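Undergrad: Okay, so here is my_file_4.csv, and as you'll see once you scroll down, it has CSV, C-alpha atoms and all ligand atoms.
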```csv
chain,number,residue,atom,x,y,z
A,1230,MET,CA,33.5,-12.2,19.8
A,1231,THR,CA,29.8,-13.0,19.9
A,1232,ALA,CA,28.9,-16.2,18.0
A,1233,THR,CA,26.2,-15.9,15.4
A,1234,PRO,CA,22.8,-17.2,16.6
A,1235,ILE,CA,21.1,-20.4,15.5
A,1236,ALA,CA,17.8,-18.7,15.3
A,1237,VAL,CA,16.5,-15.1,15.3
A,1238,GLN,CA,13.0,-13.7,15.7
A,1239,VAL,CA,12.1,-10.4,14.1
A,1240,ARG,CA,8.9,-8.5,14.1
A,1241,ALA,CA,7.8,-5.9,11.5
A,1242,PRO,CA,4.6,-3.8,11.4
A,1243,GLY,CA,1.9,-3.2,8.8
A,1244,LYS,CA,1.1,0.4,7.8
A,1245,ILE,CA,-1.6,2.9,7.0
A,1246,ASN,CA,-1.0,5.8,4.6
A,1247,LEU,CA,-2.3,8.9,6.4
A,1248,ALA,CA,-1.9,10.9,3.2
A,1249,LEU,CA,-1.2,9.5,-0.3
A,1250,ARG,CA,-0.6,11.7,-3.3
A,1251,VAL,CA,0.0,9.9,-6.7
A,1252,GLY,CA,1.6,11.4,-9.7
A,1253,ALA,CA,1.6,10.4,-13.4
A,1254,PRO,CA,2.9,6.9,-14.2
A,1255,ARG,CA,6.6,6.7,-15.1
A,1256,PRO,CA,8.0,4.7,-18.1
A,1257,ASP,CA,8.9,1.9,-15.6
A,1258,GLY,CA,5.2,1.6,-14.6
A,1259,TYR,CA,5.7,3.0,-11.1
A,1260,HIS,CA,4.0,6.2,-10.0
A,1261,PRO,CA,5.8,9.0,-8.2
A,1262,LEU,CA,4.3,9.2,-4.7
A,1263,ALA,CA,4.3,11.7,-1.8
A,1264,THR,CA,2.9,9.9,1.2
A,1265,VAL,CA,2.9,9.9,5.0
A,1266,PHE,CA,3.1,6.4,6.5
A,1267,GLN,CA,2.2,5.4,10.0
A,1268,ALA,CA,3.2,1.9,11.2
A,1269,VAL,CA,0.5,0.3,13.2
A,1270,SER,CA,0.2,-2.6,15.8
A,1271,LEU,CA,-0.5,-5.5,13.4
A,1272,TYR,CA,2.7,-7.5,13.0
A,1273,GLU,CA,4.5,-10.0,10.9
A,1274,ASP,CA,6.8,-12.2,12.9
A,1275,VAL,CA,9.6,-14.2,11.3
A,1276,VAL,CA,11.6,-16.8,13.0
A,1277,ALA,CA,14.7,-17.5,10.9
A,1278,THR,CA,16.6,-20.7,11.7
A,1279,ARG,CA,19.9,-22.0,10.2
A,1280,ALA,CA,19.2,-24.6,7.5
A,1281,ASP,CA,20.3,-25.7,4.0
A,1282,GLY,CA,18.8,-23.7,1.2
A,1283,ILE,CA,16.0,-21.3,1.7
A,1284,SER,CA,12.5,-22.5,2.8
A,1285,LEU,CA,9.4,-20.9,4.2
A,1286,GLU,CA,6.3,-21.9,6.2
A,1287,ILE,CA,3.3,-19.6,6.8
A,1288,HIS,CA,1.0,-19.4,9.8
A,1289,GLY,CA,-1.9,-17.1,10.7
A,1290,ARG,CA,-3.2,-15.2,7.7
A,1291,GLY,CA,-2.3,-16.3,4.1
A,1292,GLU,CA,-1.7,-20.0,4.8
A,1293,ASP,CA,-2.4,-20.6,1.2
A,1294,LEU,CA,0.1,-18.1,-0.1
A,1295,PRO,CA,3.0,-19.5,-2.2
A,1296,VAL,CA,6.1,-20.5,-0.2
A,1297,ASP,CA,8.3,-20.8,-3.3
A,1298,ALA,CA,10.8,-18.3,-4.8
A,1299,THR,CA,7.8,-16.0,-5.8
A,1300,ASN,CA,7.2,-15.2,-2.1
A,1301,LEU,CA,8.7,-11.8,-1.2
A,1302,ALA,CA,10.2,-13.2,2.1
A,1303,VAL,CA,12.0,-15.9,0.1
A,1304,ARG,CA,13.1,-13.3,-2.4
A,1305,ALA,CA,14.4,-11.1,0.5
A,1306,ALA,CA,16.5,-14.0,1.9
A,1307,ALA,CA,17.8,-14.9,-1.6
A,1308,LEU,CA,18.8,-11.3,-2.3
A,1309,LEU,CA,20.6,-10.9,1.0
A,1310,ARG,CA,22.4,-14.2,0.4
A,1311,GLU,CA,23.5,-13.2,-3.0
A,1312,THR,CA,24.6,-9.7,-1.9
A,1313,SER,CA,26.5,-10.9,1.2
A,1314,GLY,CA,28.1,-13.9,-0.6
A,1315,THR,CA,27.3,-16.2,2.3
A,1316,ARG,CA,26.8,-19.9,1.6
A,1317,ALA,CA,24.5,-20.3,4.7
A,1318,GLY,CA,20.8,-21.1,4.3
A,1319,VAL,CA,17.7,-20.4,6.3
A,1320,HIS,CA,14.3,-21.8,7.2
A,1321,LEU,CA,11.7,-19.0,7.7
A,1322,SER,CA,8.6,-19.5,9.8
A,1323,LEU,CA,6.3,-16.6,9.2
A,1324,THR,CA,3.3,-15.7,11.3
A,1325,LYS,CA,1.1,-13.1,9.6
A,1326,GLN,CA,-1.4,-10.7,11.3
A,1327,VAL,CA,-1.5,-8.1,8.5
A,1328,PRO,CA,-4.3,-8.6,6.0
A,1329,VAL,CA,-3.2,-10.2,2.8
A,1330,ALA,CA,-3.5,-7.8,-0.3
A,1331,GLY,CA,-5.2,-5.4,2.1
A,1332,GLY,CA,-3.3,-2.2,1.3
A,1333,MET,CA,-1.3,-2.4,4.6
A,1334,ALA,CA,2.0,-3.7,3.1
A,1335,GLY,CA,2.0,-7.1,4.9
A,1336,GLY,CA,4.2,-8.7,2.2
A,1337,SER,CA,6.6,-5.8,2.4
A,1338,ALA,CA,6.8,-6.3,6.2
A,1339,ASP,CA,7.6,-10.0,5.6
A,1340,ALA,CA,10.5,-8.9,3.4
A,1341,ALA,CA,11.8,-6.3,5.8
A,1342,ALA,CA,11.6,-8.8,8.8
A,1343,THR,CA,13.3,-11.4,6.7
A,1344,LEU,CA,16.2,-9.1,5.7
A,1345,LEU,CA,16.9,-8.1,9.3
A,1346,ALA,CA,16.5,-11.7,10.6
A,1347,CYS,CA,18.9,-13.2,7.9
A,1348,ASP,CA,21.3,-10.3,8.4
A,1349,GLN,CA,21.6,-11.3,12.1
A,1350,LEU,CA,21.5,-15.0,11.5
A,1351,TRP,CA,24.2,-15.0,8.9
A,1352,GLY,CA,26.2,-12.2,10.6
A,1353,THR,CA,26.4,-10.3,7.3
A,1354,GLY,CA,26.9,-7.1,9.2
A,1355,LEU,CA,25.3,-4.8,6.6
A,1356,SER,CA,24.4,-1.3,7.7
A,1357,ARG,CA,20.8,-0.1,8.1
A,1358,ASP,CA,21.3,2.0,4.9
A,1359,GLU,CA,22.6,-1.1,3.0
A,1360,LEU,CA,19.6,-3.1,4.2
A,1361,ALA,CA,17.3,-0.2,3.1
A,1362,GLU,CA,18.8,-0.3,-0.4
A,1363,LEU,CA,18.1,-4.0,-0.7
A,1364,ALA,CA,14.6,-3.3,0.8
A,1365,SER,CA,13.8,-0.9,-2.0
A,1366,GLU,CA,14.9,-3.4,-4.6
A,1367,LEU,CA,12.3,-5.8,-3.2
A,1368,GLY,CA,9.4,-3.4,-3.3
A,1369,ALA,CA,8.4,0.2,-2.8
A,1370,ASP,CA,6.9,-0.3,0.7
A,1371,VAL,CA,9.7,-2.4,2.1
A,1372,PRO,CA,12.1,0.4,3.3
A,1373,PHE,CA,9.3,1.9,5.4
A,1374,ALA,CA,8.6,-1.5,7.1
A,1375,LEU,CA,12.3,-1.4,8.2
A,1376,THR,CA,12.0,2.2,9.6
A,1377,GLY,CA,8.5,2.1,11.0
A,1378,MET,CA,7.0,4.9,13.3
A,1379,SER,CA,5.8,7.9,11.1
A,1380,ALA,CA,7.6,8.8,7.9
A,1381,MET,CA,7.3,10.6,4.7
A,1382,GLY,CA,7.8,8.5,1.5
A,1383,THR,CA,8.8,10.0,-1.8
A,1384,GLY,CA,10.1,8.5,-5.1
A,1385,ARG,CA,8.1,5.3,-5.5
A,1386,GLY,CA,7.3,5.6,-1.7
A,1387,ASP,CA,10.7,4.0,-1.0
A,1388,LEU,CA,12.7,7.1,-0.1
A,1389,ILE,CA,12.0,7.5,3.6
A,1390,THR,CA,12.3,10.5,5.8
A,1391,PRO,CA,11.2,10.0,9.4
A,1392,VAL,CA,8.7,12.6,10.7
A,1393,MET,CA,8.0,13.7,14.3
A,1394,SER,CA,4.7,12.5,15.7
A,1395,ARG,CA,3.3,13.0,19.2
A,1396,GLY,CA,1.0,10.7,21.1
A,1397,THR,CA,-0.7,7.5,20.1
A,1398,TYR,CA,-3.5,7.3,17.5
A,1399,HIS,CA,-6.3,4.8,17.8
A,1400,TRP,CA,-7.6,3.2,14.6
A,1401,VAL,CA,-10.5,0.8,13.8
A,1402,LEU,CA,-9.6,-1.3,10.8
A,1403,ALA,CA,-12.3,-2.9,8.6
A,1404,VAL,CA,-10.6,-5.9,6.9
A,1405,GLN,CA,-12.2,-7.5,3.8
A,1406,ASP,CA,-12.1,-11.2,3.2
A,1407,GLU,CA,-11.1,-10.6,-0.4
A,1408,GLY,CA,-8.0,-8.4,-1.2
A,1409,LEU,CA,-7.3,-6.0,-4.0
A,1410,SER,CA,-4.4,-6.1,-6.4
A,1411,THR,CA,-2.2,-3.0,-6.0
A,1412,PRO,CA,-1.2,-2.8,-9.8
A,1413,GLU,CA,-4.9,-3.0,-10.7
A,1414,VAL,CA,-5.8,-0.2,-8.3
A,1415,PHE,CA,-3.0,2.0,-9.8
A,1416,ARG,CA,-4.2,1.2,-13.3
A,1417,GLU,CA,-7.8,2.1,-12.4
A,1418,HIS,CA,-6.5,5.4,-10.9
A,1419,ASP,CA,-4.7,6.1,-14.2
A,1420,ARG,CA,-8.0,5.4,-16.1
A,1421,LEU,CA,-10.0,7.7,-13.9
A,1422,GLN,CA,-7.5,10.4,-13.8
A,1423,PRO,CA,-5.2,10.2,-16.9
A,1424,LEU,CA,-2.0,12.2,-16.2
A,1425,ASP,CA,0.9,12.8,-18.5
A,1426,LEU,CA,4.4,12.6,-16.9
A,1427,ASP,CA,5.6,15.6,-19.0
A,1428,ASP,CA,2.8,18.0,-17.8
A,1429,ALA,CA,1.7,16.7,-14.5
A,1430,PRO,CA,3.2,18.4,-11.4
A,1431,ALA,CA,5.1,16.2,-9.0
A,1432,PRO,CA,2.9,14.9,-6.2
A,1433,ARG,CA,3.1,17.2,-3.1
A,1434,LEU,CA,2.0,16.7,0.5
A,1435,ASP,CA,0.2,19.5,2.4
A,1436,ASP,CA,2.4,20.5,5.3
A,1437,ALA,CA,-0.7,20.5,7.5
A,1438,VAL,CA,-0.6,16.7,7.8
A,1439,LEU,CA,2.9,17.0,9.4
A,1440,ALA,CA,1.7,19.8,11.7
A,1441,ALA,CA,-1.2,17.6,12.7
A,1442,LEU,CA,1.1,14.7,13.6
A,1443,LEU,CA,3.2,17.0,15.7
A,1444,SER,CA,0.2,18.3,17.5
A,1445,GLY,CA,-0.8,14.8,18.7
A,1446,ASP,CA,-4.4,15.8,18.3
A,1447,PRO,CA,-6.5,13.2,16.5
A,1448,ILE,CA,-9.1,15.7,15.5
A,1449,GLN,CA,-6.5,17.8,13.7
A,1450,LEU,CA,-5.1,14.7,12.0
A,1451,SER,CA,-8.6,13.5,11.0
A,1452,ARG,CA,-9.0,16.7,8.9
A,1453,GLN,CA,-5.7,15.9,7.0
A,1454,LEU,CA,-6.3,12.3,6.0
A,1455,GLY,CA,-6.5,11.7,2.3
A,1456,ASN,CA,-5.8,9.0,-0.3
A,1457,ASP,CA,-5.6,9.6,-4.1
A,1458,LEU,CA,-6.1,5.9,-4.6
A,1459,GLN,CA,-9.4,5.8,-2.7
A,1460,GLU,CA,-11.6,6.6,-5.7
A,1461,ALA,CA,-10.0,3.8,-7.8
A,1462,ALA,CA,-10.4,1.3,-4.9
A,1463,LEU,CA,-14.1,2.3,-4.6
A,1464,GLU,CA,-14.6,1.9,-8.3
A,1465,LEU,CA,-13.2,-1.6,-8.2
A,1466,ARG,CA,-15.0,-2.4,-4.9
A,1467,PRO,CA,-18.2,-0.3,-4.6
A,1468,GLU,CA,-19.0,-2.0,-1.3
A,1469,LEU,CA,-16.2,0.0,0.3
A,1470,GLY,CA,-18.7,3.0,0.1
A,1471,ASP,CA,-20.8,1.2,2.7
A,1472,VAL,CA,-17.7,0.7,5.0
A,1473,LEU,CA,-16.9,4.4,4.9
A,1474,ALA,CA,-20.5,5.3,5.5
A,1475,ALA,CA,-20.6,2.8,8.5
A,1476,ALA,CA,-17.5,4.4,10.0
A,1477,ASP,CA,-19.1,7.8,9.6
A,1478,ARG,CA,-22.4,6.6,11.3
A,1479,ALA,CA,-20.3,5.0,14.0
A,1480,GLY,CA,-18.9,8.4,14.9
A,1481,ALA,CA,-15.3,7.9,13.7
A,1482,LEU,CA,-13.4,11.2,13.3
A,1483,ALA,CA,-12.7,10.3,9.7
A,1484,ALA,CA,-12.1,7.1,7.7
A,1485,LEU,CA,-10.1,6.3,4.5
A,1486,VAL,CA,-9.0,3.4,2.4
A,1487,SER,CA,-5.5,2.3,3.4
A,1488,GLY,CA,-3.1,2.5,0.5
A,1489,SER,CA,-4.5,0.5,-2.4
A,1490,GLY,CA,-7.2,-1.0,-0.2
A,1491,PRO,CA,-9.5,-2.7,0.5
A,1492,THR,CA,-8.8,-2.2,4.2
A,1493,VAL,CA,-10.6,0.9,5.6
A,1494,ALA,CA,-9.0,2.7,8.6
A,1495,ALA,CA,-11.2,4.8,10.8
A,1496,LEU,CA,-9.6,7.2,13.3
A,1497,ALA,CA,-11.0,7.4,16.8
A,1498,LEU,CA,-10.4,9.9,19.6
A,1499,ASP,CA,-9.0,7.4,22.1
A,1500,HIS,CA,-9.2,3.7,23.0
A,1501,ALA,CA,-12.7,4.0,24.5
A,1502,HIS,CA,-14.0,5.8,21.4
A,1503,ALA,CA,-12.3,3.1,19.2
A,1504,VAL,CA,-14.1,0.4,21.1
A,1505,SER,CA,-17.4,2.1,20.5
A,1506,VAL,CA,-16.8,2.8,16.8
A,1507,ALA,CA,-15.7,-0.9,16.3
A,1508,GLY,CA,-18.9,-2.1,18.0
A,1509,VAL,CA,-21.1,-0.1,15.6
A,1510,MET,CA,-19.1,-1.1,12.6
A,1511,ARG,CA,-19.2,-4.8,13.6
A,1512,ALA,CA,-23.0,-4.6,13.9
A,1513,ALA,CA,-23.1,-3.0,10.4
A,1514,GLU,CA,-21.6,-6.2,9.0
A,1515,VAL,CA,-19.6,-4.4,6.3
A,1516,ALA,CA,-16.3,-6.2,6.8
A,1517,GLY,CA,-15.0,-9.7,7.4
A,1518,GLU,CA,-13.2,-8.4,10.5
A,1519,ILE,CA,-13.1,-5.3,12.6
A,1520,LEU,CA,-9.8,-4.8,14.4
A,1521,LEU,CA,-8.4,-2.2,16.8
A,1522,VAL,CA,-4.8,-1.0,16.3
A,1523,THR,CA,-2.6,1.9,17.5
A,1524,GLY,CA,0.2,3.8,15.8
A,1525,PRO,CA,2.9,4.7,15.4
A,1526,VAL,CA,4.9,1.6,16.4
A,1527,PRO,CA,8.6,0.8,15.6
A,1528,GLY,CA,9.8,-0.8,12.4
A,1529,ALA,CA,11.5,-4.2,12.0
A,1530,ARG,CA,13.2,-5.2,15.2
A,1531,VAL,CA,14.8,-8.2,16.7
A,1532,LEU,CA,12.7,-9.8,19.4
A,1533,GLU,CA,15.0,-12.7,20.2
A,1534,HIS,CA,18.4,-14.3,19.4
A,1535,VAL,CA,18.7,-18.0,20.2
A,1536,HIS,CA,22.3,-19.2,20.7
A,1537,SER,CA,23.2,-22.9,21.0
A,1538,ARG,CA,24.1,-23.8,24.6
A,1539,ARG,CA,27.7,-24.5,25.4
A,1540,PRO,CA,28.3,-28.2,26.2
B,1,LIG,O1,6.9,-2.2,-5.3
B,1,LIG,P1,5.7,-3.2,-5.2
B,1,LIG,O2,6.1,-4.5,-5.8
B,1,LIG,O3,5.2,-3.3,-3.8
B,1,LIG,O4,4.6,-2.5,-6.1
B,1,LIG,C1,3.5,-3.3,-6.6
B,1,LIG,C2,2.9,-2.6,-7.8
B,1,LIG,O5,2.2,-1.4,-7.4
B,1,LIG,C3,3.9,-2.1,-8.8
B,1,LIG,O6,4.2,-3.2,-9.7
B,1,LIG,C4,3.1,-1.0,-9.5
B,1,LIG,O7,2.2,-1.6,-10.4
B,1,LIG,C5,2.3,-0.4,-8.4
B,1,LIG,N1,3.0,0.7,-7.8
B,1,LIG,C6,3.1,1.9,-8.5
B,1,LIG,N2,3.7,3.0,-8.0
B,1,LIG,C7,4.3,2.9,-6.8
B,1,LIG,C8,4.3,1.7,-6.0
B,1,LIG,C9,3.6,0.6,-6.6
B,1,LIG,O8,2.5,2.0,-9.6
B,1,LIG,N3,5.0,4.0,-6.3
```
Would you encode the structure as structure tokens?
Ligand code: C5P

TA:
Amino acid sequence: MTATPIAVQVRAPGKINLALRVGAPRPDGYHPLATVFQAVSLYEDVVATRADGISLEIHGRGEDLPVDATNLAVRAAALLRETSGTRAGVHLSLTKQVPVAGGMAGGSADAAATLLACDQLWGTGLSRDELAELASELGADVPFALTGMSAMGTGRGDLITPVMSRGTYHWVLAVQDEGLSTPEVFREHDRLQPLDLDDAPAPRLDDAVLAALLSGDPIQLSRQLGNDLQEAALELRPELGDVLAAADRAGALAALVSGSGPTVAALALDHAHAVSVAGVMRAAEVAGEILLVTGPVPGARVLEHVHSRRP
């Protein structure tokens, strides 16, 4: 029998929504979605170490985020502890690369990484499906952070169906210093486009986006990118218009707001093209940071198990 480890390191990715269709708000406040996610190479790393109670420290981005029970990583550990009935505790050391409140599901990646790390640390032995169920209790984007790669999301975005994708896509991300609140963007969307749940059709994806992913051709994909929340994000943050215009001037194949924003993702042909687009966008000074990422990348995965040495 393998002993449970004393520490586990897990990595989970941020995401871009390649296509995002939003339906009428439900009575619970959530919106039915039809979306295609792509996990990209910006990561949240969690090192979970045996400890009493549940505690958290944060490095990298978001050092001023709360580390108490309101933090989604702490909530993930608490939910798994309650579900599994373990009395063990954990100290979580989180290193964040994904922009905070950027529309890239960084907090969801923290939760997904924490679920997997604590599952391994405590030897709870839950199946991937059971973890996905806990993930969806924590937030609509958490199940995708477990799965990664390319996937369709329906329901609240939490019902995940993996989709085939060929090749690697090169993105330039324009990251803003100031985030946007996801509920606020959804509210703005409802204000701009009032829909009634009884009359509005369920949101539907165009099959062409899945065909484009299968083709592996970034030009084909660039024609299928679209985000129903973009108008609301632009309304709340008009400067994002300048970011999209800068991406266009820089020769990006296409650009769109990621999820609820304010991060803008610009698609390039290949790495060299991404470097050139990034250079022009950096010079335009429309974002706090310009980053290069690729996708798709895997979902939450264990990087390291640390076992105590035998005496
Ligand atoms: O599930 P999560 O906590 O990440 O969602 C944050 C907020 O985003 C929700 O409280 C809701 O206001 C909004 N949301 C929504 N419809 C979805 C997903 C999120 O309205 N499908």

Undergrad: Excluding Ala1361 in chain A and its own-chain neighbours fewer than 6 positions away, which residues fall within 8 Å of it when counting all atoms listed in the file? Please give them as a PyMOL selection string.

TA: chain A and resi 1371-1372+1375

Undergrad: Would you mind reading off the distance between CA of Val1251 in chain A and CA of Ala1263 in chain A, one decimal, in Å?

TA: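 Spanning CA of Val1251 in chain A to CA of Ala1263 in chain A is a straight-line distance of 6.8 Å.
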
Undergrad: List all protein, DNA and RNA residues that have any atom at most 6 Å from ligand LIG 1 (chain B), counting all atoms listed in the file, and write the list as a list in words.

TA: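 Taking all atoms listed in the file into account, the residues around ligand LIG 1 (chain B) at most 6 Å away are Gly1258, Tyr1259, His1260, Pro1261, Leu1262, Gly1368, Ala1369, Asp1370, Arg1385, Gly1386, Thr1411, Pro1412 and Phe1415 of chain A.
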
Undergrad: Can you work out which one of A:Ala1429, A:Leu1294, A:Ile1283, A:Ile1235 has the shortest atom-to-atom distance to Lys1325 in chain A, counting only C-alpha atoms?

TA: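 The answer is A:Leu1294, which sits nearest to Lys1325 in chain A.
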
Undergrad: Which residue, A:Ala1341, A:Met1381, A:Ala1253, A:Ala1298, has the smallest gap to Ala1364 in chain A when you use all atoms listed in the file?

TA: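 Checking each of A:Ala1341, A:Met1381, A:Ala1253, A:Ala1298 against Ala1364 in chain A, counting all atoms listed in the file, the winner is A:Ala1341.
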
Undergrad: Within 10 Å of Arg1530 in chain A, counting all atoms listed in the file, which residues qualify if same-chain residues fewer than 6 places away don't, as a PyMOL selection string?

TA: chain A and resi 1238-1242+1274+1341-1342+1345-1346+1375-1377

Undergrad: Tell me, in Å to one decimal, how far CA of Ser1394 in chain A is from CA of Ala1507 in chain A.

TA: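 Atom-to-atom, CA of Ser1394 in chain A to CA of Ala1507 in chain A, that is 24.4 Å.
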
Undergrad: Could you state the separation of CA of Ala1330 in chain A and CA of Ser1489 in chain A in Å, given to one decimal place?

TA: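 Rounded to one decimal, the two atoms are 8.6 Å apart.
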
Undergrad: Tell me, as JSON, numbers by chain, which residues lie within 9 Å of Gly1517 in chain A, counting all atoms listed in the file; anything in the same chain fewer than 3 positions away does not count.

TA: {"A": [1403, 1404, 1405, 1406, 1407, 1511, 1514]}

Undergrad: So which residues touch range 1499-1502 of chain A within 8 Å, counting all atoms listed in the file, skipping near sequence neighbours fewer than 3 positions away, as a PyMOL selection string?

TA: chain A and resi 1398-1399+1505-1506

Undergrad: Using C-alpha atoms, can you write the selected residues to a file as a PDB file, keeping the file's coordinate frame?

TA:
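Saved file selection00.pdb follows:
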```
ATOM      1  CA  TYR A1398      -3.500   7.300  17.500  1.00  0.00           C
ATOM      2  CA  HIS A1399      -6.300   4.800  17.800  1.00  0.00           C
ATOM      3  CA  SER A1505     -17.400   2.100  20.500  1.00  0.00           C
ATOM      4  CA  VAL A1506     -16.800   2.800  16.800  1.00  0.00           C
TER       5      VAL A1506
END
```

Undergrad: Kindly indicate which residue among A:Leu1434, A:Ala1334, A:Leu1424, A:Leu1323 lies nearest to Val1265 in chain A, using all atoms listed in the file for the distances.

TA: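 The shortest atom-to-atom distance to Val1265 in chain A comes from A:Leu1434.
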
Undergrad: With distances taken over only C-alpha atoms, which residue among A:Ser1284, A:Asn1246, A:Thr1233, A:Thr1312 lies nearest His1534 in chain A?

TA: A:Thr1233

Undergrad: Taking (18.7, -25.8, 13.1) as a centre in this file's frame and 10 Å as the limit, can you find every polymer residue with an atom that close, using all atoms listed in the file, and give them as a list in words?

TA: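 Taken together, the residues in range are Ile1235, Ala1236, Ala1277, Thr1278, Arg1279, Ala1280, Asp1281, Val1319, His1320 and Ser1537 of chain A.
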
Undergrad: For the residues in the current selection, export C-alpha atoms as a PDB file, in the frame of the given file.

TA:
```pdb
ATOM      1  CA  ILE A1235      21.100 -20.400  15.500  1.00  0.00           C
ATOM      2  CA  ALA A1236      17.800 -18.700  15.300  1.00  0.00           C
ATOM      3  CA  ALA A1277      14.700 -17.500  10.900  1.00  0.00           C
ATOM      4  CA  THR A1278      16.600 -20.700  11.700  1.00  0.00           C
ATOM      5  CA  ARG A1279      19.900 -22.000  10.200  1.00  0.00           C
ATOM      6  CA  ALA A1280      19.200 -24.600   7.500  1.00  0.00           C
ATOM      7  CA  ASP A1281      20.300 -25.700   4.000  1.00  0.00           C
ATOM      8  CA  VAL A1319      17.700 -20.400   6.300  1.00  0.00           C
ATOM      9  CA  HIS A1320      14.300 -21.800   7.200  1.00  0.00           C
ATOM     10  CA  SER A1537      23.200 -22.900  21.000  1.00  0.00           C
TER      11      SER A1537
END
```

Undergrad: Could you tell me, as an MDAnalysis selection string, which residues have any atom at most 8 Å from (21.9, -7.1, 6.0), counting all atoms listed in the file?

TA: chainID A and resid 1309 1313 1344:1345 1347:1349 1353:1357 1359:1360
